[in-house]
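Data first, discussion second: the structure below is written as C-alpha cells.
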Amino acid sequence: MMYRDHLKISDMKSEKMRNYDAASVIADAERDAAYVFEKLDKICEFNSYKVINAFRECGVSERHFSSTTGYGYSDQGREMLAKLFSCIFKTEDAIVSPHFASGTHTLTVGLFGLLRPGDKMLSATGLPYDTIRSVIGIEGDADGSLKDYGIGFLRTDLTDAGKIDIPRVMDALEKDDTVKVLYLQRSRGYEIRPSISVSEMEELFSEVKASFPDICIVVDNCYGEFTEEREPSEVGADIIMGSLIKNPGAGLAPSGGYIAGRKKYVDRIAGRFTSPGIGTEIGSYNGSYLPFYQGIYLAPHIVREALKGAVLASGAMEKAGFGVFPKYDADRTDITQAIIFDTEEELTAFVRAVQKASPIDSSVVPYAWDMPGYADKVIMAAGTFIQGASIELSADGPIRPPYTAYMQGGMIYENVKLAVRFALEDLAG
C-alpha cells in the first residue's frame, strides 16, 4: 500500500478563505518563513563553497569549454566535467554527458548497465516514478524493458509514516539472493509522500552494507542535489544519477545527465552508454561545454531560490485553505512542492497561473494531454528557457484524484512569488 493511501487529505487543509487579498496572504507567508529562509541560506553557503573548492581543486580552465567533433578522443572538457562532478559528489568516477536525453534516459542507461538477465532490482521506496515503470516493464509495453531482458523487480513500500521500512527491506534482501541493485527514489514523484532524506538513507545503507556488501545501492537523485549539505554518495550510495536540466544544471545546461559513483559500477554503465571496451574513452560535443560548467557552479544558489519559492508557495496556499505537502516549515530534501485541490478545475487554474507568470510563452494556455510515459493525462506549465527544465519554474500534475499540482523550480524567487500571486487571485472566491 502506498503512503498516500494512509493520508487524510482533509488534515492538510485549513478552512478556505473567501475574498482574501493575495498580496496580504503572501506577505504573511513571507514573515512566517523568514527563519526557514535563513536555514536555506546556510545550506546554500555550505554547498557553494563545496562547489567552488571542487573547481579550484580540479583546476578547471577556459580550455575545458572548447567543443570537439568525431570520436572526441582526449576531449578535455568531457573528462574534466566528469572529474569535477566526482569531486563535488565525493565519488570515484562519473559520466557527465549532454547526450543523455532526460533523467529517465540517464536512469535507464544506469540500470541496464548494472543488471543482467536473471538479476532483480529492489525498490526500497515503493513504486517508482511513472516513466521508470515502463523501463522496468511493470506498466505499458514491455518491449525493450528490463522485464523483456529477464530482469525482475521487487518493491517494499514505505511505512504509514512515509519512511523506508528498513526491516522489510532487509528481509527482502535476505530471502532473494538474485537482488543485485537496491534502488531508491529520493524525490516523491507523483506521490504525496515525504522525500527521502540523506540521514534516512544513511541508516538504511549502513545496515545493507554490513549484511550485503555486494549489493549495488542506486539512488535516483533527481530534484535532490544541493538541497542538503550531504549527498547520498557521501553516506554509502554506490551510484547516484540525475538530470542536468534539473538542479545541477541551474537552468543553464541545455541537456544531459550525470552518473557518479564507485568506479567499477561506473565502468559497467559506461559500456552500456557507448560500447563495451570503449566506455568513456570517446564522446564529442560540437558545442561549448561552458553552460555545463556554469550550471554546476551556480547550482547551489539556484536550488536555494527554488527552495525559497517552494516554502512561500506552501505557506501562502495553505493560508488560503488549500492542501499542501510538505508544510512550509518542514525539512526539505527535494525542490518539489505538492498543492492539493478539490477539483480538476482548481488544479488546472493553478497550473495555468504558473504558465502566465513564466518568462517564456506566458500567453500559452496549458491543457491536459497524453504525455509519453504516463498512464494518466498530465497538465503542465513549463514556460522555460530550456525545454522541460524543471529547475526553472514549472508545475504539472496527472489528472487523477487527489488533484495535485507538483510545483518545482524557480531560478528567481520573485518569479515564484509572482506565480503564487496569480494563482491566489485566479482561485479566489
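Letters A, B, ... go to the chains of the C-alpha cells in the order shown; residues in each chain start at 1; ligands are counted from 1 in the same order.
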As a list of chain:residue names, please: the residues near region 147-155 of chain A (cut-off 9 Å, only C-alpha atoms, same-chain neighbours under 2 positions excluded).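 After dropping sequence-adjacent residues, the list is A:Leu115, A:Arg116, A:Pro117, A:Gly118, A:Asp119, A:Lys120, A:Met121, A:Leu122, A:Ser123, A:Ala124, A:Thr125, A:Gly126, A:Leu127, A:Val135, A:Ile136, A:Gly137, A:Ile138, A:Ala142, A:Asp143, A:Gly144, A:Ser145, A:Asp157, A:Val169, A:Ala172, A:Thr178, A:Val179.
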Go ahead and save the residues from that selection, with N, CA and C atoms, as an mmCIF file, in the first residue's frame.
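The result, stored in result.cif:
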data_model
loop_
_atom_site.group_PDB
_atom_site.id
_atom_site.type_symbol
_atom_site.label_atom_id
_atom_site.label_comp_id
_atom_site.auth_asym_id
_atom_site.auth_seq_id
_atom_site.Cartn_x
_atom_site.Cartn_y
_atom_site.Cartn_z
ATOM 1 N N LEU A 115 22.508 -4.269 -14.360
ATOM 2 C CA LEU A 115 21.742 -5.508 -14.200
ATOM 3 C C LEU A 115 21.925 -6.434 -15.391
ATOM 4 N N ARG A 116 21.846 -7.730 -15.114
ATOM 5 C CA ARG A 116 21.989 -8.773 -16.122
ATOM 6 C C ARG A 116 20.774 -9.702 -16.074
ATOM 7 N N PRO A 117 20.506 -10.425 -17.162
ATOM 8 C CA PRO A 117 19.382 -11.370 -17.145
ATOM 9 C C PRO A 117 19.459 -12.317 -15.944
ATOM 10 N N GLY A 118 18.336 -12.458 -15.253
ATOM 11 C CA GLY A 118 18.289 -13.277 -14.044
ATOM 12 C C GLY A 118 18.441 -12.475 -12.773
ATOM 13 N N ASP A 119 18.939 -11.244 -12.880
ATOM 14 C CA ASP A 119 19.055 -10.363 -11.712
ATOM 15 C C ASP A 119 17.699 -9.745 -11.377
ATOM 16 N N LYS A 120 17.624 -9.178 -10.184
ATOM 17 C CA LYS A 120 16.462 -8.407 -9.777
ATOM 18 C C LYS A 120 16.916 -7.072 -9.188
ATOM 19 N N MET A 121 16.053 -6.065 -9.318
ATOM 20 C CA MET A 121 16.238 -4.812 -8.588
ATOM 21 C C MET A 121 15.127 -4.696 -7.573
ATOM 22 N N LEU A 122 15.468 -4.197 -6.403
ATOM 23 C CA LEU A 122 14.513 -3.993 -5.320
ATOM 24 C C LEU A 122 14.390 -2.504 -5.050
ATOM 25 N N SER A 123 13.182 -1.976 -5.182
ATOM 26 C CA SER A 123 12.941 -0.581 -4.856
ATOM 27 C C SER A 123 12.547 -0.482 -3.391
ATOM 28 N N ALA A 124 13.316 0.284 -2.626
ATOM 29 C CA ALA A 124 13.049 0.448 -1.195
ATOM 30 C C ALA A 124 12.110 1.610 -0.918
ATOM 31 N N THR A 125 11.683 2.304 -1.985
ATOM 32 C CA THR A 125 10.814 3.478 -1.816
ATOM 33 C C THR A 125 9.492 3.300 -2.544
ATOM 34 N N GLY A 126 9.040 2.052 -2.619
ATOM 35 C CA GLY A 126 7.752 1.779 -3.233
ATOM 36 C C GLY A 126 7.813 1.809 -4.744
ATOM 37 N N LEU A 127 6.688 2.118 -5.354
ATOM 38 C CA LEU A 127 6.591 2.147 -6.806
ATOM 39 C C LEU A 127 7.320 3.363 -7.352
ATOM 40 N N VAL A 135 10.246 1.491 -18.025
ATOM 41 C CA VAL A 135 11.620 0.988 -18.147
ATOM 42 C C VAL A 135 11.737 -0.377 -17.474
ATOM 43 N N ILE A 136 11.126 -0.502 -16.306
ATOM 44 C CA ILE A 136 11.154 -1.768 -15.568
ATOM 45 C C ILE A 136 10.328 -2.825 -16.279
ATOM 46 N N GLY A 137 9.188 -2.395 -16.861
ATOM 47 C CA GLY A 137 8.293 -3.323 -17.543
ATOM 48 C C GLY A 137 7.082 -3.700 -16.737
ATOM 49 N N ILE A 138 6.739 -2.871 -15.737
ATOM 50 C CA ILE A 138 5.570 -3.177 -14.906
ATOM 51 C C ILE A 138 4.345 -2.388 -15.355
ATOM 52 N N ALA A 142 6.126 -3.886 -22.623
ATOM 53 C CA ALA A 142 7.385 -4.355 -22.039
ATOM 54 C C ALA A 142 8.486 -4.534 -23.068
ATOM 55 N N ASP A 143 8.212 -4.275 -24.345
ATOM 56 C CA ASP A 143 9.205 -4.469 -25.392
ATOM 57 C C ASP A 143 10.423 -3.591 -25.139
ATOM 58 N N GLY A 144 11.561 -4.203 -24.888
ATOM 59 C CA GLY A 144 12.795 -3.475 -24.634
ATOM 60 C C GLY A 144 13.015 -3.081 -23.191
ATOM 61 N N SER A 145 12.093 -3.440 -22.306
ATOM 62 C CA SER A 145 12.215 -3.096 -20.893
ATOM 63 C C SER A 145 13.148 -4.069 -20.176
ATOM 64 N N ASP A 157 7.182 -1.171 0.199
ATOM 65 C CA ASP A 157 6.525 0.115 0.317
ATOM 66 C C ASP A 157 6.983 0.849 1.566
ATOM 67 N N VAL A 169 12.938 -4.197 4.059
ATOM 68 C CA VAL A 169 13.974 -4.202 3.019
ATOM 69 C C VAL A 169 15.001 -5.288 3.313
ATOM 70 N N ALA A 172 13.616 -8.705 2.603
ATOM 71 C CA ALA A 172 13.533 -8.996 1.173
ATOM 72 C C ALA A 172 14.895 -9.365 0.607
ATOM 73 N N THR A 178 19.073 -13.056 -5.675
ATOM 74 C CA THR A 178 19.213 -12.569 -7.045
ATOM 75 C C THR A 178 19.071 -11.045 -7.124
ATOM 76 N N VAL A 179 18.758 -10.398 -5.995
ATOM 77 C CA VAL A 179 18.695 -8.932 -5.977
ATOM 78 C C VAL A 179 20.119 -8.382 -6.040
#
For region 247-362 of chain A versus region 90-96 of chain A, which residues have an atom no more than 10 Å away, and what is each residue's nearest atom pair and distance in Å rounded to one decimal, using only C-alpha atoms, chain-then-number order, as JSON lines?
{"residue": "A:Gly256", "atom": "CA", "partner": "A:Val96", "partner_atom": "CA", "distance": 7.4}
{"residue": "A:Gly257", "atom": "CA", "partner": "A:Val96", "partner_atom": "CA", "distance": 6.0}
{"residue": "A:Tyr258", "atom": "CA", "partner": "A:Val96", "partner_atom": "CA", "distance": 4.3}
{"residue": "A:Ile259", "atom": "CA", "partner": "A:Ile95", "partner_atom": "CA", "distance": 5.1}
{"residue": "A:Ala260", "atom": "CA", "partner": "A:Ala94", "partner_atom": "CA", "distance": 4.1}
{"residue": "A:Gly261", "atom": "CA", "partner": "A:Thr91", "partner_atom": "CA", "distance": 4.8}
{"residue": "A:Arg262", "atom": "CA", "partner": "A:Glu92", "partner_atom": "CA", "distance": 5.1}
{"residue": "A:Lys263", "atom": "CA", "partner": "A:Asp93", "partner_atom": "CA", "distance": 5.2}
{"residue": "A:Lys264", "atom": "CA", "partner": "A:Asp93", "partner_atom": "CA", "distance": 8.8}
{"residue": "A:Tyr265", "atom": "CA", "partner": "A:Asp93", "partner_atom": "CA", "distance": 9.0}
{"residue": "A:Val266", "atom": "CA", "partner": "A:Ala94", "partner_atom": "CA", "distance": 6.4}
{"residue": "A:Asp267", "atom": "CA", "partner": "A:Asp93", "partner_atom": "CA", "distance": 8.6}
{"residue": "A:Ile269", "atom": "CA", "partner": "A:Ile95", "partner_atom": "CA", "distance": 8.8}
{"residue": "A:Ala270", "atom": "CA", "partner": "A:Ile95", "partner_atom": "CA", "distance": 7.5}
{"residue": "A:Phe273", "atom": "CA", "partner": "A:Ile95", "partner_atom": "CA", "distance": 9.1}
{"residue": "A:Gly279", "atom": "CA", "partner": "A:Ile95", "partner_atom": "CA", "distance": 9.6}
{"residue": "A:Thr280", "atom": "CA", "partner": "A:Ile95", "partner_atom": "CA", "distance": 7.4}
{"residue": "A:Phe292", "atom": "CA", "partner": "A:Val96", "partner_atom": "CA", "distance": 9.4}
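Closest approach to Ile192 (chain A) among A:Pro232, A:Pro254, A:Pro98, A:Gly162: A:Gly162, based on only C-alpha atoms.
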Identify which of the residues A:Gly249, A:Gly287, A:Gly72, A:Gly242 lies closest to Gly110 (chain A), counting only C-alpha atoms when measuring atom-to-atom distances.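 That would be A:Gly242, the residue with the smallest distance to Gly110 (chain A).
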I'd like to know which of A:Thr131, A:Ser197, A:Asn53, A:Ser102 is closest to Met371 (chain A), using only C-alpha atoms.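 Selected residue with least distance to Met371 (chain A): A:Thr131.
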